[in-house]
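*Asks:* What follows is a single structure, and I will ask about it in a moment.
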Amino acid sequence: MPQGAGPAVRLRKPVPDDFPVMRTIREDVETQHLLLAYPHAERAPAEAWFERKMADTQTVFLVATDDAGHGVGYVQFSGLHRAGRHASFGIAIAARRRGQGYGRAAVIAALDHARKALDLRKLLLEVRSDNLAARKIYADLGFRTVGRMVDHYFDGERFHDVDLMEKAIGGDAG
């Protein structure tokens with residue numbers, strides 16, 4: 001699929017009405033494992049997690065929406081280093097919206113936001129090595145694998161390798 005094909009995704013700040021879709025993401029065990037989270041560990045309920053995300057001033061947390069303005073997932077930029085102009089990037093798309101182009105469109109929108117609104121030069125991310133759909137999107141959009149952490153993430157049954165990826169963005173990023 002060409003870079004511009006697929007559904008349109010817009011990014012915006014979260015509002016309380018976004019909670020239902022965020023809850024589906026937060027409470028979906030398979031999704032949490034793909035996000036390298038530990039869904040079985042003691043943690044705050046989905047409501048507290050979402051409220052914390054909406055109030056966090058250290059992480060840029062944005063809802064990814066479809067054409068009608070309904071949330072389909074989220075993107076986040078954490079560990080923003082203003083002097084080095086880089087950040088760690090994360091994305092989650094609700095399971096019922098996967099395979100429809102929303103992930104790719106959300107990454108494209110996130111790259112644009114990182115470049116224009118955050119003035120970043122580079123994004124970094126971690127992705128499970130066996131998450132082939134996500135790795136394909138990232139590779140197609142210019143992310144490159146810069147390392148692999150072997151047996152890094154434990155899903156409760158087995159360990160998974162995790163790839164480290166980066167993408168230079170912006171006019172002076174090289």
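By convention here, the chains of the structure tokens are called A, B, ... in the order presented, each chain's residues are numbered starting at 1, and ligands are numbered starting at 1 in the order presented.
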Considering only C-alpha atoms, return as a ChimeraX atom specification whatever protein or nucleic-acid residues lie within 12 Å of Trp49 in chain A, sequence-local ones (same chain, fewer than 5 positions apart) excluded.
*Replies:* /A:19,22-23,25-27,43-44,54-56,61
*Asks:* Mind writing the picked residues with C-alpha atoms as a short mmCIF file (atom, residue, chain, number, x, y, z; two decimals), in the first residue's frame?
*Replies:*
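As written to disk, part-v4.cif reads:
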data_model
loop_
_atom_site.label_atom_id
_atom_site.label_comp_id
_atom_site.auth_asym_id
_atom_site.auth_seq_id
_atom_site.Cartn_x
_atom_site.Cartn_y
_atom_site.Cartn_z
CA PHE A 19 -12.25 6.33 27.42
CA MET A 22 -8.84 3.28 25.46
CA ARG A 23 -10.34 0.77 27.90
CA ILE A 25 -6.91 -1.37 24.39
CA ARG A 26 -5.84 -1.32 28.03
CA GLU A 27 -7.87 -4.41 28.98
CA ARG A 43 -1.56 -1.99 37.99
CA ALA A 44 -4.08 0.78 38.11
CA MET A 54 -4.63 12.81 29.97
CA ALA A 55 -2.82 14.73 32.74
CA ASP A 56 0.79 13.66 31.98
CA PHE A 61 -0.32 11.23 24.43
#
*Asks:* Apply DSSP to the backbone of this structure and, from chain A, keep only the residues in strand (DSSP E or B); write these as a ChimeraX atom specification.
*Replies:* /A:10-12,60-65,71-81,86-93,122-128,144-154,159-168
*Asks:* So which residues touch Arg96 in chain A within 12 Å, counting only C-alpha atoms, skipping near sequence neighbours fewer than 5 positions away, as a ChimeraX atom specification?
*Replies:* /A:21,24-25,28,31,71-73,101-103
*Asks:* Determine, for each residue of range 23-81 of chain A having at least one atom at most 10 Å from an atom of range 148-170 of chain A, the closest pair of atoms and their separation in Å to one decimal, counting only C-alpha atoms; order by chain and ascending number, as JSON lines.
*Replies:*
{"residue": "A:Val29", "atom": "CA", "partner": "A:Asp155", "partner_atom": "CA", "distance": 9.7}
{"residue": "A:Glu30", "atom": "CA", "partner": "A:Asp155", "partner_atom": "CA", "distance": 9.3}
{"residue": "A:Gln32", "atom": "CA", "partner": "A:Asp155", "partner_atom": "CA", "distance": 9.4}
{"residue": "A:His33", "atom": "CA", "partner": "A:Asp155", "partner_atom": "CA", "distance": 6.2}
{"residue": "A:Leu34", "atom": "CA", "partner": "A:Asp155", "partner_atom": "CA", "distance": 9.2}
{"residue": "A:Leu36", "atom": "CA", "partner": "A:Tyr153", "partner_atom": "CA", "distance": 6.6}
{"residue": "A:Ala37", "atom": "CA", "partner": "A:Asp155", "partner_atom": "CA", "distance": 8.5}
{"residue": "A:Tyr38", "atom": "CA", "partner": "A:Asp155", "partner_atom": "CA", "distance": 7.2}
{"residue": "A:Pro39", "atom": "CA", "partner": "A:Asp155", "partner_atom": "CA", "distance": 8.8}
{"residue": "A:His40", "atom": "CA", "partner": "A:Gly156", "partner_atom": "CA", "distance": 8.3}
*Asks:* So, with only C-alpha atoms as the atoms that count, which of A:Val9, A:Gly147, A:Leu141, A:Leu125 lies closest to Ile93 in chain A?
*Replies:*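 Nearest to Ile93 in chain A: A:Val9.
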*Asks:* Which residues come within 12 Å of Leu123 in chain A, counting only C-alpha atoms, excluding same-chain residues fewer than 6 positions away, as JSON, numbers by chain?
*Replies:* {"A": [76, 77, 78, 79, 80, 81, 84, 85, 86, 87, 88, 89, 90, 107, 110, 111, 112, 113, 114, 115, 138, 142, 143, 144, 164, 165, 166, 167, 168, 169, 170, 173]}
*Asks:* Go ahead and write the selection's residues with N, CA, C and O atoms as a short mmCIF file (atom, residue, chain, number, x, y, z; two decimals), in the first residue's frame.
*Replies:*
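File produced: selection-v1.cif:
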data_model
loop_
_atom_site.label_atom_id
_atom_site.label_comp_id
_atom_site.auth_asym_id
_atom_site.auth_seq_id
_atom_site.Cartn_x
_atom_site.Cartn_y
_atom_site.Cartn_z
N GLN A 76 1.98 7.83 21.34
CA GLN A 76 2.60 8.58 22.41
C GLN A 76 4.08 8.77 22.14
O GLN A 76 4.72 7.95 21.49
N PHE A 77 4.58 9.89 22.64
CA PHE A 77 5.98 10.24 22.56
C PHE A 77 6.45 10.43 23.99
O PHE A 77 5.94 11.29 24.71
N SER A 78 7.38 9.62 24.43
CA SER A 78 7.87 9.70 25.80
C SER A 78 9.38 9.92 25.79
O SER A 78 10.03 9.74 24.77
N GLY A 79 9.90 10.30 26.94
CA GLY A 79 11.33 10.54 27.05
C GLY A 79 11.80 11.62 26.09
O GLY A 79 12.90 11.52 25.54
N LEU A 80 10.97 12.64 25.89
CA LEU A 80 11.35 13.72 24.97
C LEU A 80 12.64 14.37 25.43
O LEU A 80 12.74 14.82 26.57
N HIS A 81 13.59 14.38 24.55
CA HIS A 81 14.88 15.03 24.82
C HIS A 81 14.92 16.27 23.94
O HIS A 81 15.17 16.18 22.73
N GLY A 84 18.49 17.07 22.34
CA GLY A 84 18.84 16.09 21.31
C GLY A 84 17.75 15.92 20.26
O GLY A 84 17.97 15.31 19.22
N ARG A 85 16.56 16.46 20.55
CA ARG A 85 15.41 16.44 19.64
C ARG A 85 15.04 15.02 19.22
O ARG A 85 14.83 14.73 18.06
N HIS A 86 14.92 14.13 20.23
CA HIS A 86 14.45 12.77 19.95
C HIS A 86 13.51 12.33 21.06
O HIS A 86 13.44 12.96 22.12
N ALA A 87 12.77 11.26 20.78
CA ALA A 87 11.83 10.71 21.75
C ALA A 87 11.57 9.26 21.43
O ALA A 87 11.81 8.80 20.30
N SER A 88 11.06 8.54 22.41
CA SER A 88 10.58 7.17 22.19
C SER A 88 9.14 7.26 21.72
O SER A 88 8.35 8.08 22.20
N PHE A 89 8.80 6.41 20.79
CA PHE A 89 7.49 6.43 20.14
C PHE A 89 6.75 5.13 20.45
O PHE A 89 7.35 4.06 20.47
N GLY A 90 5.46 5.26 20.68
CA GLY A 90 4.61 4.09 20.87
C GLY A 90 3.27 4.30 20.20
O GLY A 90 2.82 5.44 20.02
N VAL A 107 0.88 5.98 12.22
CA VAL A 107 2.33 6.20 12.24
C VAL A 107 2.69 7.39 11.35
O VAL A 107 3.49 8.25 11.72
N ALA A 110 1.76 10.46 13.13
CA ALA A 110 2.68 10.66 14.25
C ALA A 110 4.02 11.22 13.77
O ALA A 110 4.60 12.10 14.42
N LEU A 111 4.52 10.72 12.65
CA LEU A 111 5.78 11.24 12.11
C LEU A 111 5.63 12.72 11.78
O LEU A 111 6.52 13.53 12.08
N ASP A 112 4.50 13.08 11.18
CA ASP A 112 4.25 14.48 10.85
C ASP A 112 4.17 15.33 12.11
O ASP A 112 4.74 16.41 12.18
N HIS A 113 3.47 14.83 13.13
CA HIS A 113 3.35 15.56 14.39
C HIS A 113 4.71 15.72 15.07
O HIS A 113 5.04 16.80 15.57
N ALA A 114 5.49 14.66 15.08
CA ALA A 114 6.81 14.70 15.72
C ALA A 114 7.70 15.74 15.05
O ALA A 114 8.42 16.49 15.71
N ARG A 115 7.63 15.81 13.74
CA ARG A 115 8.46 16.73 12.97
C ARG A 115 7.98 18.18 13.14
O ARG A 115 8.77 19.06 13.47
N TYR A 138 6.69 -0.20 10.13
CA TYR A 138 7.83 0.64 10.49
C TYR A 138 8.90 0.62 9.39
O TYR A 138 9.40 1.67 8.99
N GLY A 142 10.41 3.71 6.77
CA GLY A 142 11.77 4.19 6.91
C GLY A 142 12.45 3.97 8.24
O GLY A 142 13.57 4.43 8.44
N PHE A 143 11.81 3.26 9.16
CA PHE A 143 12.49 2.91 10.40
C PHE A 143 13.50 1.81 10.10
O PHE A 143 13.27 0.96 9.25
N ARG A 144 14.61 1.85 10.79
CA ARG A 144 15.61 0.80 10.60
C ARG A 144 15.90 0.13 11.94
O ARG A 144 15.86 0.77 12.99
N LEU A 164 15.02 -2.97 18.46
CA LEU A 164 15.15 -1.52 18.66
C LEU A 164 15.19 -0.91 17.26
O LEU A 164 15.97 -1.34 16.41
N MET A 165 14.33 0.08 17.03
CA MET A 165 14.28 0.71 15.72
C MET A 165 14.37 2.21 15.88
O MET A 165 14.03 2.76 16.94
N GLU A 166 14.82 2.88 14.82
CA GLU A 166 14.91 4.34 14.82
C GLU A 166 14.58 4.87 13.44
O GLU A 166 14.68 4.16 12.45
N LYS A 167 14.16 6.12 13.43
CA LYS A 167 13.92 6.80 12.16
C LYS A 167 14.32 8.25 12.32
O LYS A 167 13.86 8.95 13.24
N ALA A 168 15.19 8.71 11.43
CA ALA A 168 15.53 10.13 11.37
C ALA A 168 14.39 10.85 10.67
O ALA A 168 13.85 10.38 9.67
N ILE A 169 13.98 11.98 11.23
CA ILE A 169 12.89 12.78 10.66
C ILE A 169 13.32 14.24 10.65
O ILE A 169 14.29 14.62 11.29
N GLY A 170 12.61 15.05 9.93
CA GLY A 170 12.91 16.48 9.90
C GLY A 170 13.91 16.83 8.82
O GLY A 170 14.65 16.00 8.33
N ALA A 173 17.68 16.13 9.63
CA ALA A 173 17.93 14.84 10.31
C ALA A 173 18.85 13.94 9.51
O ALA A 173 19.29 12.93 10.00
#
